[in-house]
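So the structure is just underneath, and the comments pick up after that.
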Amino acid sequence: MARRTTFYSHWSTGTKLLVLLTLALFPLGLALAWTARAALVETHDAELDDSLQDGRVAARAIENLLARNGLALRIAANGALQSDPANPCEATARSLALTPAVAGRFSIRDTMGELVCVHGVYSPSARTDQVAPGEYKLWINTEAKSIRYRVGVNGGMATGELTQAELAKAIRESTGHTNSVSIRDRVAGLDVITIASLGATRLLQFPIAQDQLTVLVRAPSGDPDLIDKLAVFLPLLMWVVAAVLSWVLARRLLLVPLARLERAVSDYRPGGDSMVLPEYLGAADEISSLGSAFERAVDRIEQSEQQMAEALHGQRRLVREVHHRVKNNLQVVASLLNIHGRSANTPESRAAYAAISRRVDALSVVHRNHFAEVEETRGIALRPLLTELGQILKASTPEGRASIEIHLDAAALHTTQDAAVAVAFFVTELIEFAMLQGTDKPIEIDLKRVSELAASLTVGSDALVDNDPEPSIERKQFERVIGGLARQLRSPLDQKLGRMSVNLPVFPD
């Protein structure tokens with residue numbers, strides 16, 4: 001019966017638990033986040049309104065203080081210049097003394113800007129800006145840390161100042177909140193009240209005195225602090241905590257025991273020690289049952305592998321016996337051929353027996369080398385095969401002919417048994433043909449790799465050169481045999497002057 005599957009069937013238990021908790025907590029988290037955000041926005045707006053109101057009050061207090069002092073100085077100086085033009089400062093000071101909360105430090109200049117007199121602890125400014133009667137001009141004196149105001153009067157100008165302390169006092173008396181306050185003109189600035197522990201702030205600007213000055217109030221920004229952010233992100237924190245707890249629970253009950261079980265199974269090596277499972281596989285009975293099932297399965301596998309190993313050992317013994325019997329049979333055949341060849345009456349019969357014996361020897365060499373390499377499964381080594389084959393062929397030189405020399409230059413390559421048989425017959429045919437032609441020149445055998453999976457075998461001899469315009473029957477028969485062996489190797493036969501080459505498959509290094 002097919003098992004019913006759904007789109008989430010492949011999910012892990014931890015993933016499913018995380019999804020369920022997320023869906024369950026999402027509505028509550030959304031409601032809490034919305035409520036916290038609304039309260040935070042309302043609080044932020046209220047703090048912004050309070051900051052703006054405090055800034056306006058502070059700016060108005062400074063502007064009123066400057067206007068009151070400027071008006072009082074203009075009235076007093078105007079009367080003093082009319083009543084006592086020789087010493088107007090004393091008359092002006094007496095008039096200002098009758099006005100409360102007005103500074104008594106000032107200077108008076110004539111209409112040309114020349115200094116007439118000074119009253120109080122006051123350093124006259126080097127500025128000689130002309131101010132018409134009824135107008136006034138404001139600027140910041142950074143050396144005295146004050147604001148100076150110059151008013152125009154009939155017959156001259158009067159200049160007074162308000163210090164930083166007087167400005168700060170007026171601000172504190174007008175507003176209950178204390179923020180950092182500074183004043184700037186178009187050139188310089190003056191810090192009136194400085195508070196260093198405001199944290200995140202916003203800068204509020206209020207132009208005063210017909211935009212001659214700007215009051216800068218640095219108030220708390222009202223941005224959410226850590227507590228506010230935690231309140232907004234509390235639902236997210238709840239989701240994270242629930243996810244982490246779920247993951248820890250799933251890890252402790254399922255993932256860690258399964259990982260221990262996996263390591264034990266991975267560390268097990270067939271043929272070595274028995275599989276040892278961890279003593280503790282968690283609180284889940286299913287994991288312990290799974291571990292026991294693994295132990296039973298491994299025991300059955302080990303028993304099956306032992307039976308297979310015994311069967312393989314018996315098979316190898318049988319293969320060795322078959323190889324041994326085939327080798328003995330080939331040796332018996334070769335011996336019989338040699339006996340009959342020596343007892344033959346005609347040279348043609350002896351040559352035929354010798355030719356057949358050479359081919360049986362070639363097949364025996366291939367079989368012997370294959371039997372030597374069968375345990376390593378690397379194929380047949382071509383260099384020892386060609387060396388042994390060359391020695392056998394050299395020893396089979398017919399009577400009355402000079403022994404041939406065979407020069408072998410072969411790389412250490414391995415090939416299959418089928419290719420080795422074709423190679424042995426190919427070399428045997430070429431060397432026998434050269435030998436029967438009665439050559440006294442050495443025969444060269446060259447084997448080298450031409451690619452990862454292919455090698456080139458070349459046999460060269462002067463006896464392989466065909467100088468007859470009409471090939472003999474033996475030559476035609478020889479070429480048909482050589483061509484058939486090349487086709488067996490699935491390679492074209494490359495014939496050059498005294499050299500024949502074929503390609504054969506080899507194993508990679």
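By convention here, the chains of the structure tokens are called A, B, ... in the order presented, each chain's residues are numbered starting at 1, and ligands are numbered starting at 1 in the order presented.
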Spatial neighbours of A:Asn87, max dist 9 Å, only C-alpha atoms, sep filter under 6 positions, as an NGL selection string: :A and (80-81 or 116-117)
Any idea what the distance is between atom CA of A:Phe294 and atom CA of A:Arg269?
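Distance between the two atoms: 13.7 Å.
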| said: Please list as a PyMOL selection string every residue within 8 Å of A:Thr194, counting only C-alpha atoms and excluding residues in the same chain fewer than 4 positions away. | reply: chain A and resi 179-181
Spatial neighbours of A:Asp509, max dist 10 Å, only C-alpha atoms, sep filter under 5 positions, as an mmCIF file with N, CA, C and O atoms, in the first residue's frame:
data_model
loop_
_atom_site.group_PDB
_atom_site.id
_atom_site.type_symbol
_atom_site.label_atom_id
_atom_site.label_comp_id
_atom_site.auth_asym_id
_atom_site.auth_seq_id
_atom_site.Cartn_x
_atom_site.Cartn_y
_atom_site.Cartn_z
ATOM 1 N N ALA A 412 55.952 0.624 -19.205
ATOM 2 C CA ALA A 412 55.256 -0.237 -18.237
ATOM 3 C C ALA A 412 53.758 0.009 -18.349
ATOM 4 O O ALA A 412 53.195 0.864 -17.653
ATOM 5 N N LEU A 413 53.103 -0.743 -19.237
ATOM 6 C CA LEU A 413 51.685 -0.571 -19.492
ATOM 7 C C LEU A 413 50.957 -1.888 -19.242
ATOM 8 O O LEU A 413 51.557 -2.974 -19.289
ATOM 9 N N HIS A 414 49.654 -1.795 -18.979
ATOM 10 C CA HIS A 414 48.811 -2.957 -18.742
ATOM 11 C C HIS A 414 47.617 -2.910 -19.681
ATOM 12 O O HIS A 414 47.091 -1.830 -19.975
ATOM 13 N N GLU A 452 45.764 8.608 -22.626
ATOM 14 C CA GLU A 452 45.504 8.017 -21.318
ATOM 15 C C GLU A 452 45.043 6.565 -21.436
ATOM 16 O O GLU A 452 45.339 5.745 -20.568
ATOM 17 N N LEU A 453 44.309 6.251 -22.499
ATOM 18 C CA LEU A 453 43.726 4.917 -22.641
ATOM 19 C C LEU A 453 44.221 4.184 -23.875
ATOM 20 O O LEU A 453 43.605 3.188 -24.287
#
